[in-house]
file query-v8.cif (mmCIF, C-alpha atoms)
data_query
loop_
_atom_site.label_atom_id
_atom_site.label_comp_id
_atom_site.auth_asym_id
_atom_site.auth_seq_id
_atom_site.Cartn_x
_atom_site.Cartn_y
_atom_site.Cartn_z
CA MET A 15 92.05 120.14 -32.96
CA LYS A 16 94.01 120.40 -29.71
CA ILE A 17 95.36 116.93 -30.23
CA ARG A 18 96.59 117.77 -33.72
CA LEU A 19 98.24 120.96 -32.47
CA MET A 20 99.97 119.07 -29.66
CA LEU A 21 101.07 116.37 -32.08
CA VAL A 22 102.53 118.94 -34.48
CA LEU A 23 104.29 120.77 -31.64
CA SER A 24 105.75 117.56 -30.20
CA MET A 25 107.00 116.50 -33.65
CA LEU A 26 108.55 119.93 -34.17
CA THR A 27 110.19 119.76 -30.76
CA ALA A 28 111.51 116.27 -31.45
CA ALA A 29 113.02 117.43 -34.74
CA VAL A 30 114.48 120.79 -33.66
CA VAL A 31 115.70 120.33 -30.07
CA PRO A 32 118.20 117.48 -30.67
CA GLN A 33 119.82 119.45 -33.50
CA ALA A 34 120.09 122.55 -31.33
CA LEU A 35 121.54 120.59 -28.43
CA ALA A 36 123.99 118.84 -30.71
CA GLN A 37 125.64 122.20 -31.39
CA GLU A 38 126.33 122.84 -27.70
CA HIS A 39 129.11 120.84 -26.05
CA LEU A 40 130.53 121.13 -22.60
CA VAL A 41 134.04 120.63 -23.97
CA ASN A 42 135.35 122.01 -27.20
CA PRO A 43 136.10 119.16 -29.67
CA ALA A 44 139.57 120.63 -30.32
CA THR A 45 140.33 120.43 -26.59
CA VAL A 46 139.22 116.81 -26.52
CA ALA A 47 141.43 116.02 -29.51
CA ASP A 48 144.41 117.77 -27.87
CA ARG A 49 143.98 115.85 -24.63
CA LEU A 50 143.65 112.54 -26.42
CA SER A 51 146.76 113.33 -28.43
CA GLU A 52 148.70 114.25 -25.27
CA HIS A 53 147.57 111.05 -23.55
CA GLN A 54 148.64 108.93 -26.53
CA ALA A 55 152.02 110.68 -26.71
CA GLN A 56 152.60 110.02 -22.98
CA ARG A 57 151.56 106.39 -23.37
CA ASP A 58 153.91 105.96 -26.34
CA SER A 59 156.73 107.51 -24.30
CA ASP A 60 156.01 105.18 -21.36
CA ILE A 61 155.98 102.11 -23.62
CA ALA A 62 159.31 103.17 -25.12
CA ALA A 63 160.85 103.64 -21.65
CA VAL A 64 159.78 100.18 -20.49
CA ARG A 65 160.87 98.52 -23.72
CA GLN A 66 164.25 100.25 -23.51
CA VAL A 67 164.89 98.55 -20.17
CA LEU A 68 163.57 95.24 -21.48
CA ALA A 69 166.11 95.45 -24.32
CA THR A 70 169.08 95.45 -21.94
CA PRO A 71 171.26 92.38 -21.45
CA GLN A 72 170.27 92.28 -17.76
CA ALA A 73 166.61 92.08 -18.73
CA ALA A 74 167.34 89.34 -21.27
CA ASP A 75 169.19 87.37 -18.57
CA ALA A 76 166.35 87.91 -16.11
CA MET A 77 163.71 86.77 -18.61
CA LYS A 78 165.80 83.70 -19.42
CA THR A 79 166.13 82.90 -15.70
CA LEU A 80 162.38 83.31 -15.18
CA GLY A 81 161.53 81.32 -18.29
CA ALA A 82 159.62 84.26 -19.73
CA ASN A 83 159.33 84.67 -23.47
CA PRO A 84 160.81 88.08 -24.38
CA ALA A 85 158.38 88.53 -27.28
CA GLU A 86 155.39 87.93 -25.00
CA VAL A 87 156.77 90.28 -22.34
CA ASN A 88 157.31 93.02 -24.95
CA ALA A 89 153.84 92.45 -26.39
CA GLY A 90 152.39 92.58 -22.88
CA VAL A 91 153.72 96.09 -22.33
CA ALA A 92 151.18 97.53 -24.77
CA ALA A 93 148.36 95.68 -22.99
CA LEU A 94 149.02 97.36 -19.63
CA SER A 95 146.57 99.88 -18.25
CA SER A 96 147.65 103.53 -18.19
CA SER A 97 148.33 103.53 -14.45
CA GLU A 98 150.29 100.27 -14.58
CA LEU A 99 152.29 101.53 -17.53
CA GLN A 100 153.04 104.88 -15.84
CA ASP A 101 154.27 103.09 -12.71
CA LEU A 102 156.57 100.75 -14.61
CA ALA A 103 157.78 103.55 -16.90
CA SER A 104 158.76 105.71 -13.94
CA ARG A 105 160.75 102.79 -12.53
CA ALA A 106 162.33 102.16 -15.93
CA ARG A 107 163.29 105.83 -16.29
CA ALA A 108 164.84 105.76 -12.84
CA LEU A 109 167.01 102.84 -13.94
CA ASN A 110 168.02 104.71 -17.09
CA VAL A 111 168.85 107.98 -15.31
CA ASP A 112 170.91 106.46 -12.52
CA PRO A 113 171.32 102.72 -13.09
CA VAL A 114 173.69 102.20 -10.22
CA ALA A 115 172.69 104.85 -7.67
CA GLY A 116 174.97 103.22 -5.16
CA LEU A 117 173.38 99.83 -5.70
CA SER A 118 175.29 96.72 -6.52
CA ARG A 119 174.90 94.96 -9.86
CA ASP A 120 172.85 92.26 -8.14
CA VAL A 121 170.33 94.76 -6.77
CA ASN A 122 170.10 96.43 -10.18
CA THR A 123 169.43 93.02 -11.75
CA LEU A 124 166.76 92.35 -9.13
CA LEU A 125 165.07 95.63 -10.05
CA VAL A 126 164.99 94.56 -13.70
CA VAL A 127 163.63 91.15 -12.67
CA PHE A 128 160.95 92.91 -10.63
CA LEU A 129 159.99 94.98 -13.67
CA ILE A 130 159.65 91.87 -15.83
CA VAL A 131 157.72 89.93 -13.19
CA ALA A 132 155.36 92.88 -12.72
CA ILE A 133 154.67 93.00 -16.45
CA VAL A 134 154.07 89.23 -16.62
CA ILE A 135 151.73 89.30 -13.61
CA LEU A 136 149.77 92.28 -14.92
CA VAL A 137 149.39 90.71 -18.35
CA ILE A 138 148.25 87.39 -16.87
CA ALA A 139 145.74 89.25 -14.68
CA ALA A 140 144.46 91.18 -17.69
CA VAL A 141 144.02 87.98 -19.72
CA ASP A 142 142.08 86.23 -16.96
#

call {"tool": "encode", "arguments": {"input": "query-v8.cif", "output": "structure tokens"}}
result
Amino acid sequence: MKIRLMLVLSMLTAAVVPQALAQEHLVNPATVADRLSEHQAQRDSDIAAVRQVLATPQAADAMKTLGANPAEVNAGVAALSSSELQDLASRARALNVDPVAGLSRDVNTLLVVFLIVAIVILVIAAVD
């Protein structure tokens, strides 16, 4: 009799407790959705900033000099991790806000080349 009672209680517990716990979350699902949406919006903005620099004539010249395929470089931007993308986007935005900033055209071109080389290296590292 005790065994049957324990079996019934354990079955009841197994059926009721997971459903009760499923209702309690540490984070509200709406908050999770908002944060994911914010993260995606920031990532989209970062990708746009990097691609805007890659679309410049200086970037096209730099990719040609390096022998990089512009389509592969642009495709590689989306494959970057969030931290890599944020770093490159901040550099790209700095070029867009103040492209000269007292620097010569050669130094500006070198910064664009650096951006492209960084993307190529990060994509190659991600593939390997």

call {"tool": "closest_residue", "arguments": {"input": "query-v8.cif", "among": "A:Met77, A:Val126, A:Ser95, A:Val141", "to": "Arg57 of chain A", "atoms": "only C-alpha atoms"}}
result
A:Ser95

call {"tool": "closest_residue", "arguments": {"input": "query-v8.cif", "among": "A:Thr45, A:Thr123, A:Asn83, A:Ser96", "to": "Ser59 of chain A", "atoms": "all atoms listed in the file"}}
result
A:Ser96

call {"tool": "atom_distance", "arguments": {"input": "query-v8.cif", "atom1": "atom CA of Gln54 of chain A", "atom2": "atom CA of Leu94 of chain A"}}
result
13.5 Å

call {"tool": "resolve_selection", "arguments": {"input": "query-v8.cif", "expression": "the PyMOL selection byres ((chain A and resi 132-140) around 9)", "output": "PDB file with C-alpha atoms, keeping the file's coordinate frame"}}
result
ATOM      1  CA  ALA A  82     159.620  84.260 -19.730  1.00  0.00           C
ATOM      2  CA  GLU A  86     155.390  87.930 -25.000  1.00  0.00           C
ATOM      3  CA  VAL A  87     156.770  90.280 -22.340  1.00  0.00           C
ATOM      4  CA  ASN A  88     157.310  93.020 -24.950  1.00  0.00           C
ATOM      5  CA  GLY A  90     152.390  92.580 -22.880  1.00  0.00           C
ATOM      6  CA  VAL A  91     153.720  96.090 -22.330  1.00  0.00           C
ATOM      7  CA  ALA A  93     148.360  95.680 -22.990  1.00  0.00           C
ATOM      8  CA  LEU A  94     149.020  97.360 -19.630  1.00  0.00           C
ATOM      9  CA  SER A  95     146.570  99.880 -18.250  1.00  0.00           C
ATOM     10  CA  GLU A  98     150.290 100.270 -14.580  1.00  0.00           C
ATOM     11  CA  LEU A  99     152.290 101.530 -17.530  1.00  0.00           C
ATOM     12  CA  LEU A 102     156.570 100.750 -14.610  1.00  0.00           C
ATOM     13  CA  VAL A 127     163.630  91.150 -12.670  1.00  0.00           C
ATOM     14  CA  PHE A 128     160.950  92.910 -10.630  1.00  0.00           C
ATOM     15  CA  LEU A 129     159.990  94.980 -13.670  1.00  0.00           C
ATOM     16  CA  ILE A 130     159.650  91.870 -15.830  1.00  0.00           C
ATOM     17  CA  VAL A 131     157.720  89.930 -13.190  1.00  0.00           C
ATOM     18  CA  VAL A 141     144.020  87.980 -19.720  1.00  0.00           C
ATOM     19  CA  ASP A 142     142.080  86.230 -16.960  1.00  0.00           C
TER      20      ASP A 142
END

call {"tool": "closest_residue", "arguments": {"input": "query-v8.cif", "among": "A:Leu40, A:Ala74, A:Ile61, A:Leu68", "to": "Asp101 of chain A", "atoms": "only C-alpha atoms"}}
result
A:Ile61

call {"tool": "atom_distance", "arguments": {"input": "query-v8.cif", "atom1": "atom CA of Pro71 of chain A", "atom2": "atom CA of Ala89 of chain A"}}
result
18.1 Å

call {"tool": "atom_distance", "arguments": {"input": "query-v8.cif", "atom1": "atom CA of Leu124 of chain A", "atom2": "atom CA of Gln56 of chain A"}}
result
26.5 Å

call {"tool": "resolve_selection", "arguments": {"input": "query-v8.cif", "expression": "the PyMOL selection byres ((chain A and resi 67) around 9)", "output": "PyMOL selection string"}}
result
chain A and resi 62-66+68-73+106-107+109-110+126+129

call {"tool": "build_atoms", "arguments": {"input": "query-v8.cif", "residues": "segment 95-109 of chain A", "atoms": "N, CA and C atoms", "output": "compact mmCIF listing (two decimals), in the frame of the given file"}}
result
# COMPACT_ATOMS: atom_id res chain seq x y z
N SER A 95 147.42 98.71 -18.43
CA SER A 95 146.57 99.88 -18.25
C SER A 95 147.46 101.12 -18.14
N SER A 96 146.87 102.28 -18.25
CA SER A 96 147.65 103.53 -18.19
C SER A 96 148.36 103.68 -16.86
N SER A 97 147.70 103.38 -15.76
CA SER A 97 148.33 103.53 -14.45
C SER A 97 149.45 102.52 -14.25
N GLU A 98 149.24 101.28 -14.69
CA GLU A 98 150.29 100.27 -14.58
C GLU A 98 151.50 100.66 -15.42
N LEU A 99 151.22 101.13 -16.62
CA LEU A 99 152.29 101.53 -17.53
C LEU A 99 153.06 102.72 -16.98
N GLN A 100 152.37 103.71 -16.42
CA GLN A 100 153.04 104.88 -15.84
C GLN A 100 153.95 104.47 -14.69
N ASP A 101 153.47 103.56 -13.84
CA ASP A 101 154.27 103.09 -12.71
C ASP A 101 155.54 102.40 -13.19
N LEU A 102 155.40 101.47 -14.12
CA LEU A 102 156.57 100.75 -14.61
C LEU A 102 157.50 101.67 -15.40
N ALA A 103 156.95 102.62 -16.13
CA ALA A 103 157.78 103.55 -16.90
C ALA A 103 158.60 104.45 -15.97
N SER A 104 158.00 104.88 -14.88
CA SER A 104 158.76 105.71 -13.94
C SER A 104 159.90 104.92 -13.32
N ARG A 105 159.67 103.64 -13.05
CA ARG A 105 160.75 102.79 -12.53
C ARG A 105 161.82 102.56 -13.61
N ALA A 106 161.39 102.37 -14.83
CA ALA A 106 162.33 102.16 -15.93
C ALA A 106 163.17 103.41 -16.17
N ARG A 107 162.54 104.57 -16.11
CA ARG A 107 163.29 105.83 -16.29
C ARG A 107 164.30 106.03 -15.17
N ALA A 108 163.91 105.64 -13.96
CA ALA A 108 164.84 105.76 -12.84
C ALA A 108 166.07 104.89 -13.07
N LEU A 109 165.87 103.71 -13.63
CA LEU A 109 167.01 102.84 -13.94
C LEU A 109 167.88 103.44 -15.03
